[in-house]
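Asker: Quick one: structure below, then a few questions.
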There are 2 protein chains.
Amino acid sequence: MKNFNPIRGTYDYMPYMARFREQVRQTILKSYENNGYNLISTPILESLDFLGNSDGGDNLKLMYKTIKRGDKLDLTKENLTEQDIVAEGLRYDLTVPLARFYANNRDNLPNPFKAIQIDNVFRAERPQKGRNRQFMQCDIDILGDSTIHAELDLLKTCIDTYEILGFCNLTVRINHKEILNSLIACAEFNEAEFSTICVTLDKIDKIGVTGVMMELIDKNFEPNKINKLVDIITDVQANGMSVLTKYNVDENIVSDIEFLIKSLDQLTANKHNIQFDISIVRGQGYYTGTVYEIYADGFAGAIGGGGRYDKMIGKFSGVDAGAIGFSIGFEGVVMLMSEKLKESNNNNLILLYTDADDIIDVFNAKKELMRDYNVSLYLRPKNMKNFYDRIETVASRVISYQDYRAGKEIKLLK
Amino acid sequence: MKNFNPIRGTYDYMPYMARFREQVRQTILKSYENNGYNLISTPILESLDFLGNSDGGDNLKLMYKTIKRGDKLDLTKENLTEQDIVAEGLRYDLTVPLARFYANNRDNLPNPFKAIQIDNVFRAERPQKGRNRQFMQCDIDILGDSTIHAELDLLKTCIDTYEILGFCNLTVRINHKEILNSLIACAEFNEAEFSTICVTLDKIDKIGVTGVMMELIDKNFEPNKINKLVDIITDVQANGMSVLTKYNVDENIVSDIEFLIKSLDQLTANKHNIQFDISIVRGQGYYTGTVYEIYADGFAGAIGGGGRYDKMIGKFSGVDAGAIGFSIGFEGVVMLMSEKLKESNNNNLILLYTDADDIIDVFNAKKELMRDYNVSLYLRPKNMKNFYDRIETVASRVISYQDYRAGKEIKLLK
């Protein structure tokens with residue numbers, strides 16, 4: 001007997017789960033659309049010239065690439081390199097394709113443009129719980145708006161959407177790359193060192209301030225600079241945004257973040273915990289301004305996040321444009337909602353019939369029942385026990401054609 | 001200026017088209033579900049062992065394959081073959097993955113199992129109109145039913161679905177592989193020749209009976225056998241199913257097809273043209289019984305088709321199971337429905353505001369309007385002319401926050 005599992009890191013979805021995922025997908029899409037965002041779609045396969053030159057950071061290493069086909073694949077060439085044998089790449093996120101889409105179509109799109117993308121992406125990650133190699137991303141982005149109003153619109157829309165999905169008590173953690181940069185500069189590190197320091201700061205949640213200090217020592221930075229940075233971070237963590245200007249952070253950025261948090265608090269009636277958090281760094285190379293993550297009770301990782309990536313649009317289109325995005329972590333959300341899955345209403349009915357029944361009237365009965373149910377026709381099986389054992393995975397009700405015509409009650413499966 | 005087009009044979013979808021495609025997708029899914037079929041989902045990447053050993057026929061040549069990653073890719077090996085460098089394949093249809101899914105999960109699925117799959121597949125075809133390299137398939141299949149009742153259920157469901165999409169006057173053309181085989185055997189060809197003769201017969205629609213004759217001569221078959229086959233085909237085309245038993249076609253097959261056509265005629269109140277058609281051959285290697293295609297006015301190709309493929313399930317699971325499928329040609333259907341796209345109702349409203357407006361009340365106004373519209377917030381742009389030129393691609397109505405609060409009317413964009 002061979003193994004018929006899907007390949008590692010990918011999954012088959014049985015009826016109840018596929019239906020539930022579709023329901024979550026449609027709920028997110030509807031909420032995004034109701035908030036005035038517009039669905040677009042780009043292909044899964046993209047040019048490697050394009051994917052490879054993006055700011056995809058670590059994701060580039062995880063990219064799936066296709067081999068050349070037919071005569072184009074020459075394996076007899078000497079000193080063969082990967083470049084010689086690859087053709088296209090599978091997208092590893094939806095942001096890079098969006099930048100290409102916008103560069104290609106901006107003249108026919110409103111400015112700003114509010115995009116929805118709900119689609120599969122691929123990363124050849126080491127398979128582990130919560131890390132699928134094919135997974136769905138549910139993104140909204142605003143392109144062409146450099147004001148903090150864009151962040152307000154985007155985050156309010158995402159919080160609304162999480163609420164509709166049934167999440168309460170969200171924690172929204174907001175930071176800004178320029179704030180991070182100012183603090184690091186204030187500790188007298190030079191600009192070339194910012195990104196490696198950010199990689200370490202990104203781990204504050206896991207390793208604490210002490211851990212950050214140790215790692216920076218390991219990275220051979222000067223102890224007096226490290227101490228200074230740790231003092232600053234500790235001060236900001238203890239005293240919040242009010243101390244930021246002391247460290248040369250631009251006042252406009254501070255007031256933007258204050259406006260954002262205050263407005264979100266008011267608009268959500270203080271139902272959630274919305275806060276400035278210096279420990280939100282986010283890895284990818286492309287963020288340039290605000291960065292944010294949303295957390296829910298009972299799940300360690302973020303259930304969504306995003307930020308401002310103003311430079312990527314300019315890189316592709318030649319014209320700079322303010323751009324921000326948010327991605328709802330679909331796989332995490334579905335996992336957290338799995339309790340609801342059990343309650344999810346199944347409106348499916350099995351209509352049993354036999355060879356002896358009038359087939360035309362069997363279909364008439366089906367049509368009548370289809371007003372209230374999803375109706376699946378089944379020729380009455382020989383082994384009814386075996387039938388009932390398995391039928392509950394796809395239906396919650398059953399009746400025979402004869403019983404239905406006799407006015408008998410529909411039987412509810414347990 | 002670089003080129004930002006998607007790669008050849010793939011497409012970006014702008015808001016109006018992406019929304020329309022989503023609407024068609026949801027309509028098809030809902031109709032399939034209402035008829036008691038169950039959504040499942042399998043990954044886009046599959047093992048090459050599995051995809052390569054299937055009966056995918058010509059599609060195998062068009063398969064995208066990914067390269068090995070990291071240390072597994074050794075380009076220094078001597079006499080390198082494709083086998084050495086490939087890792088996974090992208091699925092080229094949804095039937096082969098369904099067979100794997102069923103082999104893997106049949107113990108937890110009802111018997112018969114009625115599956116829905118609506119998902120992307122990939123074929124590296126030479127790009128041309130109507131041949132996308134990434135395209136959506138909308139399949140239903142019944143696994144575990146060997147009776148003609150399966151075909152009746154499946155085709156009725158598909159016809160219903162086309163009707164809901166707005167298609168009338170469908171032509172449903174039905175044939176059976178065993179009928180073809182009997183006729184060819186009757187012309188005294190031997191079994192090894194059946195498949196190459198079917199390849200030629202598949203072209204009757206395009207090249208006519210004379211063309212078929214010419215091609216068989218080119219293929220060096222004996223003229224007396226060719227003449228005999230042409231006489232038989234001509235007889236069947238002229239006189240229909242009644243002459244089939246004359247050529248040793250199994251009576252049960254003839255009566256099954258007659259039952260199917262008569263029942264479909266009755267169930268659809270003779271609104272469509274449902275007929276036996278000896279010229280429906282269908283290329284793929286895996287069909288074993290009935291084959292069928294559905295045509296619509298104004299489109300030369302089929303808008304959907306399928307057939308019975310009883311052997312594929314046994315090949316994977318070791319246990320034979322009757323299996324039939326139908327695939328609605330999503331891309332063709334969307335193309336044919338493009339007139340409706342223009343009429344499609346756009347419920348999007350732009351709510352304009354300025355920096356001077358109270359942002360919290362702007363969001364309150366948005367919330368009120370969201371009861372009736374999808375509402376997109378826009379900071380009033382400096383260039384109103386430019387704004388109006390582009391905004392019609394995403395919205396049909398506009399009002400400013402001040403005008404809305406003053407009770408003025410919402411402006412309809414042309």
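Naming scheme: A, B, ... for chains in displayed order of the structure tokens; residues 1 onward per chain; ligands 1 onward as shown.
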Give me, as CSV, the closest atom pair and its distance (Å, one decimal) for every residue of chain A within a cut-off of 6 Å of chain B, counting only C-alpha atoms, rows sorted by chain and rising number.
Answerer:
```
residue,atom,partner,partner_atom,distance
A:Phe4,CA,B:Asn104,CA,5.2
A:Asp12,CA,B:Thr42,CA,4.5
A:Tyr13,CA,B:Ser41,CA,5.0
A:Met14,CA,B:Ile40,CA,5.4
A:Pro15,CA,B:Ile40,CA,5.0
A:Ala18,CA,B:Ile40,CA,5.2
A:Asn34,CA,B:Asn374,CA,4.0
A:Asn35,CA,B:Val375,CA,5.2
A:Gly36,CA,B:Ser376,CA,3.7
A:Asn38,CA,B:Pro15,CA,5.7
A:Leu39,CA,B:Pro15,CA,5.4
A:Ile40,CA,B:Pro15,CA,5.0
A:Ser41,CA,B:Tyr13,CA,5.0
A:Thr42,CA,B:Asp12,CA,4.5
A:Lys65,CA,B:Thr66,CA,5.3
A:Thr66,CA,B:Thr66,CA,4.0
A:Ile67,CA,B:Thr66,CA,5.8
A:Arg100,CA,B:Phe4,CA,5.8
A:Asn104,CA,B:Phe4,CA,5.2
A:Leu109,CA,B:Arg390,CA,5.8
A:Pro110,CA,B:Arg390,CA,4.8
A:Asn374,CA,B:Asn34,CA,4.0
A:Val375,CA,B:Gly36,CA,4.5
A:Ser376,CA,B:Gly36,CA,3.7
A:Arg390,CA,B:Pro110,CA,4.8
A:Ile391,CA,B:Pro110,CA,5.0
```
Asker: Using DSSP on the backbone coordinates, identify the residues of segment 184-391 of chain A assigned to strand (DSSP E or B); present them as a PDB file with C-alpha atoms, in the first residue's frame.
Answerer:
```
ATOM      1  CA  ASN A 273      -5.889  47.037  23.948  1.00  0.00           C
ATOM      2  CA  ILE A 274      -4.258  49.355  21.406  1.00  0.00           C
ATOM      3  CA  GLN A 275      -0.746  50.400  22.323  1.00  0.00           C
ATOM      4  CA  PHE A 276       2.579  51.768  21.211  1.00  0.00           C
ATOM      5  CA  THR A 290       4.570  52.313  10.893  1.00  0.00           C
ATOM      6  CA  VAL A 291       4.619  48.605  11.720  1.00  0.00           C
ATOM      7  CA  TYR A 292       1.854  46.820  13.631  1.00  0.00           C
ATOM      8  CA  GLU A 293       0.739  43.417  14.794  1.00  0.00           C
ATOM      9  CA  ILE A 294      -2.536  42.162  16.229  1.00  0.00           C
ATOM     10  CA  TYR A 295      -2.699  39.472  18.919  1.00  0.00           C
ATOM     11  CA  GLY A 304      -2.114  39.545  11.651  1.00  0.00           C
ATOM     12  CA  GLY A 305       0.269  42.356  10.932  1.00  0.00           C
ATOM     13  CA  GLY A 306       1.717  44.772   8.453  1.00  0.00           C
ATOM     14  CA  GLY A 307       3.239  48.172   7.990  1.00  0.00           C
ATOM     15  CA  ARG A 308       4.198  50.999   5.685  1.00  0.00           C
ATOM     16  CA  ALA A 323       1.874  52.366   0.645  1.00  0.00           C
ATOM     17  CA  ILE A 324       0.668  50.418   3.654  1.00  0.00           C
ATOM     18  CA  GLY A 325      -0.640  46.906   4.081  1.00  0.00           C
ATOM     19  CA  PHE A 326      -2.136  44.496   6.553  1.00  0.00           C
ATOM     20  CA  SER A 327      -2.308  40.727   6.264  1.00  0.00           C
ATOM     21  CA  ILE A 328      -4.754  38.670   8.289  1.00  0.00           C
ATOM     22  CA  GLY A 329      -3.046  35.394   9.165  1.00  0.00           C
ATOM     23  CA  ASN A 348     -27.084  19.271   4.129  1.00  0.00           C
ATOM     24  CA  LEU A 349     -29.821  16.694   3.640  1.00  0.00           C
ATOM     25  CA  ILE A 350     -29.556  13.242   2.085  1.00  0.00           C
ATOM     26  CA  LEU A 351     -32.552  12.170   0.016  1.00  0.00           C
ATOM     27  CA  LEU A 352     -32.572   8.371  -0.284  1.00  0.00           C
ATOM     28  CA  TYR A 353     -34.335   6.690  -3.179  1.00  0.00           C
ATOM     29  CA  ASN A 374     -28.566  21.414   0.268  1.00  0.00           C
ATOM     30  CA  VAL A 375     -29.899  18.127  -1.060  1.00  0.00           C
ATOM     31  CA  SER A 376     -27.774  15.152  -2.040  1.00  0.00           C
ATOM     32  CA  LEU A 377     -29.441  12.216  -3.829  1.00  0.00           C
ATOM     33  CA  TYR A 378     -28.362   8.741  -2.696  1.00  0.00           C
ATOM     34  CA  LEU A 379     -29.504   5.409  -4.041  1.00  0.00           C
TER      35      LEU A 379
END
```
Asker: Report the distance between atom CA of Ile204 of chain A and atom CA of Val334 of chain A in Å, rounded to one decimal place.
Answerer: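 Atom-to-atom, atom CA of Ile204 of chain A to atom CA of Val334 of chain A, that is 27.3 Å.
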Asker: Tell me which of B:Asp297, B:Glu188, B:Asp205, B:Asp310 sits closest to Asn169 of chain B, counting only C-alpha atoms.
Answerer: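 Closest to Asn169 of chain B, using only C-alpha atoms: B:Asp297.
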Asker: Write out as number ranges by chain the residues lying within 10 Å of His176 of chain A, counting only C-alpha atoms and excluding same-chain residues fewer than 2 positions away.
Answerer: A: 174, 178-181, 253-254, 257, 276-278, 280-281, 287-292, 307-308
Asker: Record the distance separating atom CA of Ser279 of chain B and atom CA of Leu201 of chain B, expressed in Å with one decimal.
Answerer: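 Answer for the atom CA of Ser279 of chain B to atom CA of Leu201 of chain B separation: 6.6 Å.
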Asker: Pick out each residue of segment 124-268 of chain B that DSSP on the backbone tags as alpha helix (DSSP H); I need them as a VMD selection string.
Answerer: chain B and resid 148 to 164 177 to 186 194 to 201 204 to 218 223 to 239 251 to 267
Asker: Find the residues around Met214 of chain A up to 12 Å (only C-alpha atoms counted), leave out those fewer than 5 positions away in its own chain, and share them as a PDB file with C-alpha atoms, in the first residue's frame.
Answerer:
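Result saved to part.pdb:
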```pdb
ATOM      1  CA  THR A 200      18.096  41.332  17.686  1.00  0.00           C
ATOM      2  CA  LEU A 201      15.478  43.809  18.985  1.00  0.00           C
ATOM      3  CA  LYS A 203      13.432  39.045  19.760  1.00  0.00           C
ATOM      4  CA  ILE A 204      12.726  41.192  22.881  1.00  0.00           C
ATOM      5  CA  ILE A 207      14.533  36.792  25.169  1.00  0.00           C
ATOM      6  CA  GLY A 208      13.849  39.999  27.147  1.00  0.00           C
ATOM      7  CA  VAL A 209      16.088  43.035  27.442  1.00  0.00           C
ATOM      8  CA  LYS A 219      27.652  40.419  17.810  1.00  0.00           C
ATOM      9  CA  ASN A 220      30.722  42.353  19.070  1.00  0.00           C
ATOM     10  CA  PHE A 221      29.158  45.784  19.419  1.00  0.00           C
ATOM     11  CA  GLU A 222      30.773  48.224  21.884  1.00  0.00           C
ATOM     12  CA  PRO A 223      29.536  47.656  25.448  1.00  0.00           C
ATOM     13  CA  ILE A 226      24.859  48.507  24.069  1.00  0.00           C
ATOM     14  CA  ASN A 227      24.311  49.826  27.598  1.00  0.00           C
ATOM     15  CA  VAL A 230      19.361  49.109  26.693  1.00  0.00           C
TER      16      VAL A 230
END
```
